[in-house]
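*Asks:* Next comes the structure file data_6.txt, holding compact mmCIF, N, CA and C atoms.
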# COMPACT_ATOMS: atom_id res chain seq x y z
N MET Y 1 38.59 -39.18 215.33
CA MET Y 1 37.88 -39.50 214.12
C MET Y 1 37.13 -38.28 213.67
N ASN Y 2 37.20 -37.97 212.41
CA ASN Y 2 36.41 -36.90 211.84
C ASN Y 2 35.04 -37.49 211.53
N PHE Y 3 34.03 -37.07 212.25
CA PHE Y 3 32.73 -37.72 212.12
C PHE Y 3 32.02 -37.37 210.82
N ALA Y 4 32.56 -36.43 210.06
CA ALA Y 4 32.04 -36.20 208.72
C ALA Y 4 32.42 -37.37 207.82
N ASP Y 5 33.50 -38.06 208.16
CA ASP Y 5 33.97 -39.21 207.38
C ASP Y 5 33.55 -40.54 208.01
N THR Y 6 32.49 -40.55 208.78
CA THR Y 6 32.07 -41.75 209.49
C THR Y 6 31.89 -42.96 208.57
N PRO Y 7 31.20 -42.83 207.42
CA PRO Y 7 31.05 -44.03 206.56
C PRO Y 7 32.39 -44.61 206.12
N GLN Y 8 33.34 -43.76 205.74
CA GLN Y 8 34.64 -44.25 205.30
C GLN Y 8 35.38 -44.91 206.46
N THR Y 9 35.30 -44.32 207.64
CA THR Y 9 35.97 -44.87 208.82
C THR Y 9 35.39 -46.24 209.17
N LEU Y 10 34.08 -46.38 209.06
CA LEU Y 10 33.45 -47.67 209.33
C LEU Y 10 33.90 -48.72 208.31
N ARG Y 11 33.96 -48.32 207.03
CA ARG Y 11 34.42 -49.25 205.99
C ARG Y 11 35.84 -49.72 206.27
N GLU Y 12 36.72 -48.78 206.67
CA GLU Y 12 38.10 -49.14 206.95
C GLU Y 12 38.20 -50.11 208.13
N ALA Y 13 37.21 -50.09 209.02
CA ALA Y 13 37.20 -51.01 210.15
C ALA Y 13 36.53 -52.33 209.81
N GLY Y 14 36.09 -52.47 208.55
CA GLY Y 14 35.46 -53.71 208.12
C GLY Y 14 33.97 -53.77 208.40
N LEU Y 15 33.36 -52.62 208.69
CA LEU Y 15 31.92 -52.56 208.96
C LEU Y 15 31.21 -51.81 207.84
N ARG Y 16 30.04 -52.31 207.48
CA ARG Y 16 29.22 -51.56 206.52
C ARG Y 16 28.69 -50.31 207.22
N PRO Y 17 28.69 -49.18 206.55
CA PRO Y 17 28.18 -47.95 207.16
C PRO Y 17 26.65 -47.88 207.09
N THR Y 18 26.00 -48.69 207.89
CA THR Y 18 24.54 -48.72 207.90
C THR Y 18 24.00 -47.46 208.57
N LEU Y 19 22.74 -47.21 208.38
CA LEU Y 19 22.10 -46.05 209.00
C LEU Y 19 22.23 -46.13 210.52
N GLY Y 20 22.05 -47.31 211.09
CA GLY Y 20 22.15 -47.48 212.53
C GLY Y 20 23.54 -47.16 213.06
N ARG Y 21 24.57 -47.71 212.42
CA ARG Y 21 25.94 -47.49 212.89
C ARG Y 21 26.37 -46.03 212.76
N THR Y 22 26.10 -45.44 211.59
CA THR Y 22 26.51 -44.05 211.40
C THR Y 22 25.74 -43.12 212.32
N THR Y 23 24.45 -43.37 212.49
CA THR Y 23 23.64 -42.53 213.37
C THR Y 23 24.10 -42.63 214.81
N VAL Y 24 24.31 -43.86 215.28
CA VAL Y 24 24.74 -44.05 216.67
C VAL Y 24 26.10 -43.41 216.91
N LEU Y 25 27.03 -43.61 216.00
CA LEU Y 25 28.36 -43.03 216.17
C LEU Y 25 28.30 -41.50 216.17
N ASN Y 26 27.51 -40.92 215.29
CA ASN Y 26 27.37 -39.47 215.26
C ASN Y 26 26.66 -38.94 216.51
N LEU Y 27 25.64 -39.65 216.99
CA LEU Y 27 24.95 -39.22 218.22
C LEU Y 27 25.88 -39.30 219.42
N MET Y 28 26.74 -40.32 219.45
CA MET Y 28 27.71 -40.44 220.54
C MET Y 28 28.68 -39.26 220.51
N ALA Y 29 29.09 -38.87 219.31
CA ALA Y 29 30.01 -37.73 219.18
C ALA Y 29 29.33 -36.43 219.61
N GLN Y 30 28.06 -36.27 219.25
CA GLN Y 30 27.33 -35.07 219.63
C GLN Y 30 27.09 -34.99 221.13
N ALA Y 31 27.10 -36.14 221.81
CA ALA Y 31 26.89 -36.15 223.26
C ALA Y 31 28.09 -35.59 224.00
N GLY Y 32 29.20 -35.42 223.30
CA GLY Y 32 30.37 -34.80 223.90
C GLY Y 32 31.00 -35.60 225.02
N GLY Y 33 31.00 -36.92 224.91
CA GLY Y 33 31.64 -37.75 225.93
C GLY Y 33 30.72 -38.15 227.07
N VAL Y 34 29.48 -37.64 227.07
CA VAL Y 34 28.53 -38.02 228.11
C VAL Y 34 28.04 -39.44 227.82
N PRO Y 35 28.12 -40.34 228.80
CA PRO Y 35 27.67 -41.72 228.57
C PRO Y 35 26.20 -41.77 228.16
N GLN Y 36 25.91 -42.67 227.24
CA GLN Y 36 24.56 -42.83 226.71
C GLN Y 36 24.13 -44.29 226.85
N CYS Y 37 22.88 -44.50 227.22
CA CYS Y 37 22.34 -45.86 227.18
C CYS Y 37 21.56 -46.01 225.88
N CYS Y 38 21.13 -47.21 225.60
CA CYS Y 38 20.42 -47.50 224.36
C CYS Y 38 19.16 -46.63 224.24
N GLU Y 39 18.45 -46.47 225.34
CA GLU Y 39 17.21 -45.67 225.32
C GLU Y 39 17.50 -44.19 225.06
N ASP Y 40 18.60 -43.68 225.63
CA ASP Y 40 18.99 -42.29 225.37
C ASP Y 40 19.25 -42.09 223.88
N LEU Y 41 19.96 -43.03 223.29
CA LEU Y 41 20.28 -42.93 221.87
C LEU Y 41 19.02 -43.06 221.02
N TYR Y 42 18.09 -43.90 221.44
CA TYR Y 42 16.82 -44.05 220.72
C TYR Y 42 16.06 -42.72 220.72
N ARG Y 43 15.96 -42.10 221.89
CA ARG Y 43 15.25 -40.80 221.97
C ARG Y 43 15.94 -39.74 221.11
N SER Y 44 17.27 -39.72 221.16
CA SER Y 44 18.03 -38.74 220.36
C SER Y 44 17.83 -38.99 218.87
N ALA Y 45 17.82 -40.25 218.46
CA ALA Y 45 17.62 -40.59 217.05
C ALA Y 45 16.23 -40.17 216.60
N MET Y 46 15.23 -40.41 217.44
CA MET Y 46 13.86 -40.02 217.08
C MET Y 46 13.74 -38.50 216.96
N GLN Y 47 14.37 -37.76 217.88
CA GLN Y 47 14.34 -36.30 217.83
C GLN Y 47 15.04 -35.77 216.58
N ALA Y 48 16.07 -36.49 216.13
CA ALA Y 48 16.81 -36.08 214.94
C ALA Y 48 16.12 -36.54 213.65
N GLY Y 49 15.02 -37.28 213.79
CA GLY Y 49 14.26 -37.72 212.63
C GLY Y 49 14.74 -39.01 211.99
N HIS Y 50 15.53 -39.78 212.71
CA HIS Y 50 16.00 -41.07 212.19
C HIS Y 50 15.07 -42.17 212.68
N ALA Y 51 14.54 -42.94 211.75
CA ALA Y 51 13.59 -44.00 212.10
C ALA Y 51 14.35 -45.28 212.45
N LEU Y 52 14.86 -45.33 213.66
CA LEU Y 52 15.57 -46.52 214.14
C LEU Y 52 14.83 -47.08 215.34
N ASN Y 53 14.80 -48.40 215.45
CA ASN Y 53 14.19 -48.99 216.64
C ASN Y 53 15.29 -49.34 217.65
N VAL Y 54 14.89 -49.66 218.86
CA VAL Y 54 15.84 -49.94 219.94
C VAL Y 54 16.73 -51.13 219.58
N SER Y 55 16.17 -52.12 218.92
CA SER Y 55 16.95 -53.29 218.53
C SER Y 55 18.07 -52.92 217.56
N SER Y 56 17.78 -52.08 216.58
CA SER Y 56 18.81 -51.64 215.63
C SER Y 56 19.92 -50.89 216.34
N ILE Y 57 19.55 -50.07 217.29
CA ILE Y 57 20.54 -49.31 218.04
C ILE Y 57 21.40 -50.25 218.89
N ALA Y 58 20.78 -51.23 219.52
CA ALA Y 58 21.52 -52.19 220.34
C ALA Y 58 22.52 -52.98 219.49
N HIS Y 59 22.11 -53.39 218.29
CA HIS Y 59 23.02 -54.11 217.40
C HIS Y 59 24.17 -53.21 216.95
N ALA Y 60 23.86 -51.96 216.63
CA ALA Y 60 24.90 -51.01 216.22
C ALA Y 60 25.89 -50.79 217.36
N LEU Y 61 25.39 -50.66 218.59
CA LEU Y 61 26.27 -50.48 219.74
C LEU Y 61 27.21 -51.67 219.91
N ALA Y 62 26.69 -52.87 219.76
CA ALA Y 62 27.52 -54.07 219.90
C ALA Y 62 28.60 -54.11 218.82
N ASP Y 63 28.23 -53.78 217.58
CA ASP Y 63 29.20 -53.78 216.48
C ASP Y 63 30.29 -52.73 216.70
N LEU Y 64 29.88 -51.53 217.12
CA LEU Y 64 30.83 -50.44 217.34
C LEU Y 64 31.76 -50.74 218.51
N GLU Y 65 31.23 -51.42 219.53
CA GLU Y 65 32.08 -51.79 220.67
C GLU Y 65 33.12 -52.83 220.24
N ARG Y 66 32.70 -53.85 219.49
CA ARG Y 66 33.63 -54.88 219.01
C ARG Y 66 34.73 -54.27 218.15
N ALA Y 67 34.40 -53.24 217.38
CA ALA Y 67 35.38 -52.61 216.50
C ALA Y 67 36.27 -51.61 217.25
N GLY Y 68 35.95 -51.32 218.51
CA GLY Y 68 36.78 -50.42 219.30
C GLY Y 68 36.43 -48.95 219.21
N PHE Y 69 35.30 -48.63 218.59
CA PHE Y 69 34.89 -47.23 218.46
C PHE Y 69 34.32 -46.67 219.76
N ILE Y 70 33.68 -47.53 220.53
CA ILE Y 70 33.06 -47.09 221.79
C ILE Y 70 33.41 -48.09 222.88
N GLU Y 71 33.19 -47.68 224.13
CA GLU Y 71 33.40 -48.59 225.24
C GLU Y 71 32.15 -48.67 226.08
N ARG Y 72 31.97 -49.82 226.73
CA ARG Y 72 30.76 -50.10 227.51
C ARG Y 72 31.12 -50.15 228.98
N PHE Y 73 30.21 -49.69 229.80
CA PHE Y 73 30.36 -49.85 231.24
C PHE Y 73 28.98 -49.94 231.87
N THR Y 74 28.92 -50.41 233.09
CA THR Y 74 27.65 -50.60 233.79
C THR Y 74 27.53 -49.59 234.91
N SER Y 75 26.38 -48.95 234.98
CA SER Y 75 26.09 -48.03 236.08
C SER Y 75 25.74 -48.87 237.31
N LYS Y 76 26.47 -48.67 238.39
CA LYS Y 76 26.21 -49.46 239.60
C LYS Y 76 24.88 -49.09 240.22
N GLU Y 77 24.52 -47.80 240.13
CA GLU Y 77 23.27 -47.36 240.75
C GLU Y 77 22.05 -47.90 240.00
N GLU Y 78 22.10 -47.82 238.67
CA GLU Y 78 20.94 -48.19 237.87
C GLU Y 78 21.01 -49.61 237.32
N ARG Y 79 22.19 -50.22 237.39
CA ARG Y 79 22.41 -51.54 236.79
C ARG Y 79 21.99 -51.54 235.32
N ARG Y 80 22.48 -50.54 234.62
CA ARG Y 80 22.15 -50.35 233.22
C ARG Y 80 23.45 -50.19 232.44
N LEU Y 81 23.47 -50.68 231.20
CA LEU Y 81 24.64 -50.54 230.34
C LEU Y 81 24.68 -49.15 229.72
N TYR Y 82 25.84 -48.54 229.79
CA TYR Y 82 26.07 -47.24 229.16
C TYR Y 82 27.25 -47.37 228.21
N TYR Y 83 27.28 -46.50 227.24
CA TYR Y 83 28.34 -46.50 226.23
C TYR Y 83 28.87 -45.09 226.11
N ARG Y 84 30.16 -44.99 225.77
CA ARG Y 84 30.77 -43.69 225.54
C ARG Y 84 31.93 -43.87 224.57
N LEU Y 85 32.31 -42.77 223.96
CA LEU Y 85 33.50 -42.79 223.14
C LEU Y 85 34.70 -42.88 224.06
N PRO Y 86 35.75 -43.58 223.65
CA PRO Y 86 36.95 -43.59 224.49
C PRO Y 86 37.43 -42.17 224.75
N ALA Y 87 38.11 -41.95 225.87
CA ALA Y 87 38.49 -40.61 226.28
C ALA Y 87 39.20 -39.83 225.18
N ARG Y 88 40.11 -40.44 224.49
CA ARG Y 88 40.85 -39.73 223.44
C ARG Y 88 39.97 -39.42 222.24
N ALA Y 89 38.93 -40.23 222.00
CA ALA Y 89 38.07 -40.02 220.84
C ALA Y 89 37.29 -38.73 220.95
N THR Y 90 37.02 -38.26 222.15
CA THR Y 90 36.28 -37.02 222.29
C THR Y 90 37.17 -35.82 222.05
N ALA Y 91 38.49 -36.00 222.04
CA ALA Y 91 39.41 -34.89 221.85
C ALA Y 91 40.25 -35.09 220.59
N ASP Y 92 39.57 -35.23 219.45
CA ASP Y 92 40.22 -35.35 218.15
C ASP Y 92 41.24 -36.49 218.11
N PRO Y 93 40.76 -37.72 217.88
CA PRO Y 93 41.66 -38.86 217.88
C PRO Y 93 42.52 -38.95 216.62
N SER Y 94 42.49 -37.97 215.76
CA SER Y 94 43.29 -38.05 214.55
C SER Y 94 44.73 -37.65 214.84
N LEU Y 95 45.26 -38.17 215.95
CA LEU Y 95 46.61 -37.85 216.31
C LEU Y 95 47.57 -38.42 215.29
N PRO Y 96 48.67 -37.74 215.07
CA PRO Y 96 49.62 -38.26 214.08
C PRO Y 96 50.31 -39.51 214.61
N VAL Y 97 50.18 -40.59 213.88
CA VAL Y 97 50.83 -41.84 214.23
C VAL Y 97 51.89 -42.11 213.17
N VAL Y 98 53.10 -42.43 213.61
CA VAL Y 98 54.20 -42.69 212.71
C VAL Y 98 54.76 -44.07 213.01
N LEU Y 99 54.93 -44.87 211.98
CA LEU Y 99 55.59 -46.17 212.13
C LEU Y 99 57.08 -45.97 211.85
N GLU Y 100 57.92 -46.50 212.74
CA GLU Y 100 59.37 -46.40 212.55
C GLU Y 100 59.93 -47.80 212.39
N HIS Y 101 60.68 -47.99 211.31
CA HIS Y 101 61.29 -49.29 211.02
C HIS Y 101 62.65 -49.04 210.40
N HIS Y 102 63.69 -49.53 211.05
CA HIS Y 102 65.07 -49.32 210.60
C HIS Y 102 65.39 -47.83 210.41
N GLY Y 103 64.89 -47.01 211.31
CA GLY Y 103 65.19 -45.59 211.27
C GLY Y 103 64.35 -44.78 210.29
N HIS Y 104 63.53 -45.43 209.51
CA HIS Y 104 62.66 -44.72 208.56
C HIS Y 104 61.28 -44.54 209.18
N ARG Y 105 60.79 -43.33 209.12
CA ARG Y 105 59.46 -43.05 209.67
C ARG Y 105 58.45 -42.89 208.54
N THR Y 106 57.32 -43.57 208.70
CA THR Y 106 56.25 -43.51 207.71
C THR Y 106 54.97 -43.11 208.42
N PRO Y 107 54.30 -42.04 207.95
CA PRO Y 107 53.03 -41.65 208.58
C PRO Y 107 51.98 -42.75 208.38
N LEU Y 108 51.19 -42.97 209.40
CA LEU Y 108 50.10 -43.93 209.34
C LEU Y 108 48.80 -43.15 209.42
N ASP Y 109 48.02 -43.19 208.37
CA ASP Y 109 46.82 -42.37 208.30
C ASP Y 109 45.55 -43.13 208.63
N ASP Y 110 45.67 -44.32 209.20
CA ASP Y 110 44.49 -45.11 209.53
C ASP Y 110 43.91 -44.63 210.85
N PRO Y 111 42.74 -43.97 210.84
CA PRO Y 111 42.19 -43.44 212.09
C PRO Y 111 41.80 -44.52 213.09
N LEU Y 112 41.45 -45.71 212.63
CA LEU Y 112 41.07 -46.77 213.55
C LEU Y 112 42.29 -47.24 214.35
N VAL Y 113 43.43 -47.37 213.68
CA VAL Y 113 44.65 -47.76 214.37
C VAL Y 113 45.03 -46.68 215.39
N ALA Y 114 44.94 -45.42 214.97
CA ALA Y 114 45.25 -44.31 215.89
C ALA Y 114 44.32 -44.34 217.09
N LEU Y 115 43.05 -44.59 216.86
CA LEU Y 115 42.07 -44.63 217.95
C LEU Y 115 42.39 -45.78 218.91
N ARG Y 116 42.71 -46.94 218.37
CA ARG Y 116 43.01 -48.09 219.24
C ARG Y 116 44.30 -47.88 220.03
N LEU Y 117 45.31 -47.29 219.38
CA LEU Y 117 46.55 -47.00 220.10
C LEU Y 117 46.31 -45.98 221.20
N ALA Y 118 45.54 -44.94 220.90
CA ALA Y 118 45.25 -43.92 221.91
C ALA Y 118 44.46 -44.52 223.06
N ARG Y 119 43.55 -45.42 222.75
CA ARG Y 119 42.76 -46.08 223.80
C ARG Y 119 43.65 -46.95 224.68
N TRP Y 120 44.59 -47.69 224.04
CA TRP Y 120 45.50 -48.52 224.80
C TRP Y 120 46.38 -47.66 225.71
N LEU Y 121 46.88 -46.56 225.18
CA LEU Y 121 47.70 -45.66 225.98
C LEU Y 121 46.91 -45.09 227.15
N ALA Y 122 45.66 -44.73 226.91
CA ALA Y 122 44.82 -44.20 228.00
C ALA Y 122 44.63 -45.26 229.08
N ASP Y 123 44.48 -46.53 228.66
CA ASP Y 123 44.35 -47.62 229.64
C ASP Y 123 45.63 -47.77 230.45
N GLN Y 124 46.78 -47.40 229.87
CA GLN Y 124 48.06 -47.49 230.57
C GLN Y 124 48.32 -46.25 231.42
N GLY Y 125 47.42 -45.26 231.36
CA GLY Y 125 47.58 -44.05 232.16
C GLY Y 125 48.30 -42.93 231.44
N GLU Y 126 48.57 -43.08 230.16
CA GLU Y 126 49.25 -42.04 229.38
C GLU Y 126 48.23 -41.05 228.83
N VAL Y 127 48.54 -39.79 228.89
CA VAL Y 127 47.67 -38.76 228.33
C VAL Y 127 48.42 -38.11 227.18
N LEU Y 128 47.77 -38.06 226.02
CA LEU Y 128 48.38 -37.45 224.84
C LEU Y 128 47.88 -36.03 224.69
N GLY Y 129 48.79 -35.14 224.44
CA GLY Y 129 48.43 -33.74 224.21
C GLY Y 129 48.13 -33.49 222.75
N GLU Y 130 47.64 -32.30 222.46
CA GLU Y 130 47.26 -31.93 221.10
C GLU Y 130 48.42 -32.06 220.11
N LEU Y 131 49.62 -31.68 220.51
CA LEU Y 131 50.74 -31.66 219.58
C LEU Y 131 51.66 -32.86 219.71
N ASP Y 132 51.24 -33.87 220.46
CA ASP Y 132 52.07 -35.06 220.65
C ASP Y 132 52.14 -35.88 219.37
N LEU Y 133 53.27 -36.49 219.15
CA LEU Y 133 53.49 -37.39 218.04
C LEU Y 133 53.69 -38.78 218.61
N LEU Y 134 52.93 -39.73 218.13
CA LEU Y 134 53.02 -41.10 218.61
C LEU Y 134 53.85 -41.90 217.61
N VAL Y 135 54.98 -42.42 218.06
CA VAL Y 135 55.87 -43.20 217.19
C VAL Y 135 55.79 -44.64 217.63
N VAL Y 136 55.43 -45.51 216.70
CA VAL Y 136 55.37 -46.95 216.95
C VAL Y 136 56.58 -47.56 216.26
N ARG Y 137 57.48 -48.13 217.04
CA ARG Y 137 58.70 -48.70 216.51
C ARG Y 137 58.51 -50.19 216.29
N ILE Y 138 58.88 -50.64 215.12
CA ILE Y 138 58.82 -52.07 214.80
C ILE Y 138 60.21 -52.65 215.02
N GLU Y 139 60.32 -53.60 215.92
CA GLU Y 139 61.59 -54.24 216.20
C GLU Y 139 61.42 -55.75 216.08
N ARG Y 140 62.42 -56.34 215.52
CA ARG Y 140 62.41 -57.79 215.43
C ARG Y 140 63.59 -58.30 216.25
N GLY Y 141 63.32 -59.23 217.11
CA GLY Y 141 64.36 -59.81 217.93
C GLY Y 141 64.12 -61.30 218.04
N PRO Y 142 64.93 -61.95 218.85
CA PRO Y 142 64.72 -63.38 219.00
C PRO Y 142 63.37 -63.65 219.67
N LEU Y 143 62.70 -64.64 219.17
CA LEU Y 143 61.41 -65.01 219.74
C LEU Y 143 61.65 -65.76 221.05
N ALA Y 144 60.82 -65.46 222.01
CA ALA Y 144 60.92 -66.15 223.32
C ALA Y 144 60.35 -67.55 223.18
N ALA Y 145 61.01 -68.49 223.79
CA ALA Y 145 60.51 -69.85 223.84
C ALA Y 145 59.33 -69.91 224.78
N PRO Y 146 58.47 -70.91 224.66
CA PRO Y 146 57.31 -71.00 225.54
C PRO Y 146 57.67 -71.00 227.03
N ASP Y 147 58.90 -71.46 227.37
CA ASP Y 147 59.28 -71.46 228.79
C ASP Y 147 59.83 -70.11 229.24
N GLY Y 148 59.92 -69.12 228.28
CA GLY Y 148 60.35 -67.77 228.62
C GLY Y 148 61.85 -67.60 228.61
N THR Y 149 62.62 -68.60 228.21
CA THR Y 149 64.06 -68.50 228.26
C THR Y 149 64.65 -67.84 227.01
N GLY Y 150 63.91 -67.77 225.94
CA GLY Y 150 64.41 -67.19 224.70
C GLY Y 150 65.25 -68.17 223.89
N HIS Y 151 65.27 -69.43 224.29
CA HIS Y 151 66.07 -70.45 223.58
C HIS Y 151 65.15 -71.40 222.88
Could you show the structure in this file as C-alpha cells?

*Replies:*
Amino acid sequence: MNFADTPQTLREAGLRPTLGRTTVLNLMAQAGGVPQCCEDLYRSAMQAGHALNVSSIAHALADLERAGFIERFTSKEERRLYYRLPARATADPSLPVVLEHHGHRTPLDDPLVALRLARWLADQGEVLGELDLLVVRIERGPLAAPDGTGH
C-alpha cells in the first residue's frame, strides 16, 4: 500500500478515512514492521502532534484488523495485544495482481485485494519477490454436492 494514498485505500475498503484510522495506519507503516501496542501508538501519535485518545486508537485498530490491513497477536511474556502490518505489507504490497479468465489477463489495481492475497499466500508459506507476478485464475467447474461427490 502506498501510504500517501491511505485515505483512498481506506475508502476502497469501505472505511471512512478518519483521523484515527489514517494516523494509526501511517504510524504502523513508520514503525517498519515492529509490533506496536495501543499505548505505543498513543505515544507516537502524541509525539507527532495528533490529538487522539487511547480509545480512538483502539477502535481504529479493531477496524483496520477487520479490514485486513493489520494483524493482531498476543505477547506471551506481557500478555498484551500487539499489532503489525502483515509481512508483505512492509515490503511494498502493491504487487501486480492479474486476473485470468478464458486466457485473457486483466490487471487488478485494487491494493486491498493485493494485500489480502499476499497475506493469504504468506499464511500458506509462499514468499513473493519484488518482481513476482501473481496470477489469479478464474475457473468454473461442476459444483460439488454437499456429500463431496460432485453429483

*Asks:* Interatomic distance between atom CA of Y:Ala45 and atom N of Y:Arg79?

*Replies:*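 Here the two named atoms are 23.0 Å from each other.
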
*Asks:* So which one's closest to Y:Ser44, Y:Glu126, Y:Glu77, Y:His59, Y:Leu27? Using all atoms listed in the file, please.

*Replies:* Y:Leu27

*Asks:* Could you tell me how far atom N of Y:Asp132 lies from atom C of Y:Thr6, in Å and to one decimal?

*Replies:*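 Taking atom N of Y:Asp132 as the start and atom C of Y:Thr6 as the end point, the length is 24.5 Å.
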
*Asks:* Which value, in Å to one decimal, gives the distance between atom N of Y:Arg80 and atom CA of Y:Met28?

*Replies:*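 Going from atom N of Y:Arg80 over to atom CA of Y:Met28, I get 18.1 Å.
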
*Asks:* Give me, as a CSV table (one decimal) with N, CA and C atoms, in the coordinates of the input, all polymer residues having an atom no more than 7 Å from stretch 7-21 of chain Y, counting only C-alpha atoms and skipping those fewer than 3 positions away in the same chain.

*Replies:*
chain,number,residue,atom,x,y,z
Y,24,VAL,N,24.3,-43.9,215.3
Y,24,VAL,CA,24.7,-44.0,216.7
Y,24,VAL,C,26.1,-43.4,216.9
Y,25,LEU,N,27.0,-43.6,216.0
Y,25,LEU,CA,28.4,-43.0,216.2
Y,25,LEU,C,28.3,-41.5,216.2
Y,52,LEU,N,14.9,-45.3,213.7
Y,52,LEU,CA,15.6,-46.5,214.1
Y,52,LEU,C,14.8,-47.1,215.3
Y,56,SER,N,17.8,-52.1,216.6
Y,56,SER,CA,18.8,-51.6,215.6
Y,56,SER,C,19.9,-50.9,216.3
Y,57,ILE,N,19.6,-50.1,217.3
Y,57,ILE,CA,20.5,-49.3,218.0
Y,57,ILE,C,21.4,-50.2,218.9
Y,60,ALA,N,23.9,-52.0,216.6
Y,60,ALA,CA,24.9,-51.0,216.2
Y,60,ALA,C,25.9,-50.8,217.4
Y,67,ALA,N,34.4,-53.2,217.4
Y,67,ALA,CA,35.4,-52.6,216.5
Y,67,ALA,C,36.3,-51.6,217.2
Y,112,LEU,N,41.4,-45.7,212.6
Y,112,LEU,CA,41.1,-46.8,213.6
Y,112,LEU,C,42.3,-47.2,214.4

*Asks:* Do a neighbour search on Y:Val97 at 6 Å with only N, CA and C atoms, toss out local chain neighbours closer than 4 positions, and write the hits as JSON, numbers by chain.

*Replies:* {"Y": [106, 107, 108, 134, 135]}

*Asks:* What residues in stretch 30-113 of chain Y get the DSSP label strand (DSSP E or B)? Please answer as a PyMOL selection string.

*Replies:* chain Y and resi 36+71-75+80-84+97-101+104-108

*Asks:* Closest to Y:His50 among Y:Gln36, Y:Gln124, Y:Ser75, Y:Thr23, using all atoms listed in the file?

*Replies:*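 Among the listed residues, the smallest separation from Y:His50 belongs to Y:Thr23.
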
*Asks:* For Y:Pro86, which residue out of Y:Asp123, Y:Glu65, Y:Asp40, Y:Glu71 is the nearest one, using all atoms listed in the file?

*Replies:* Y:Glu71
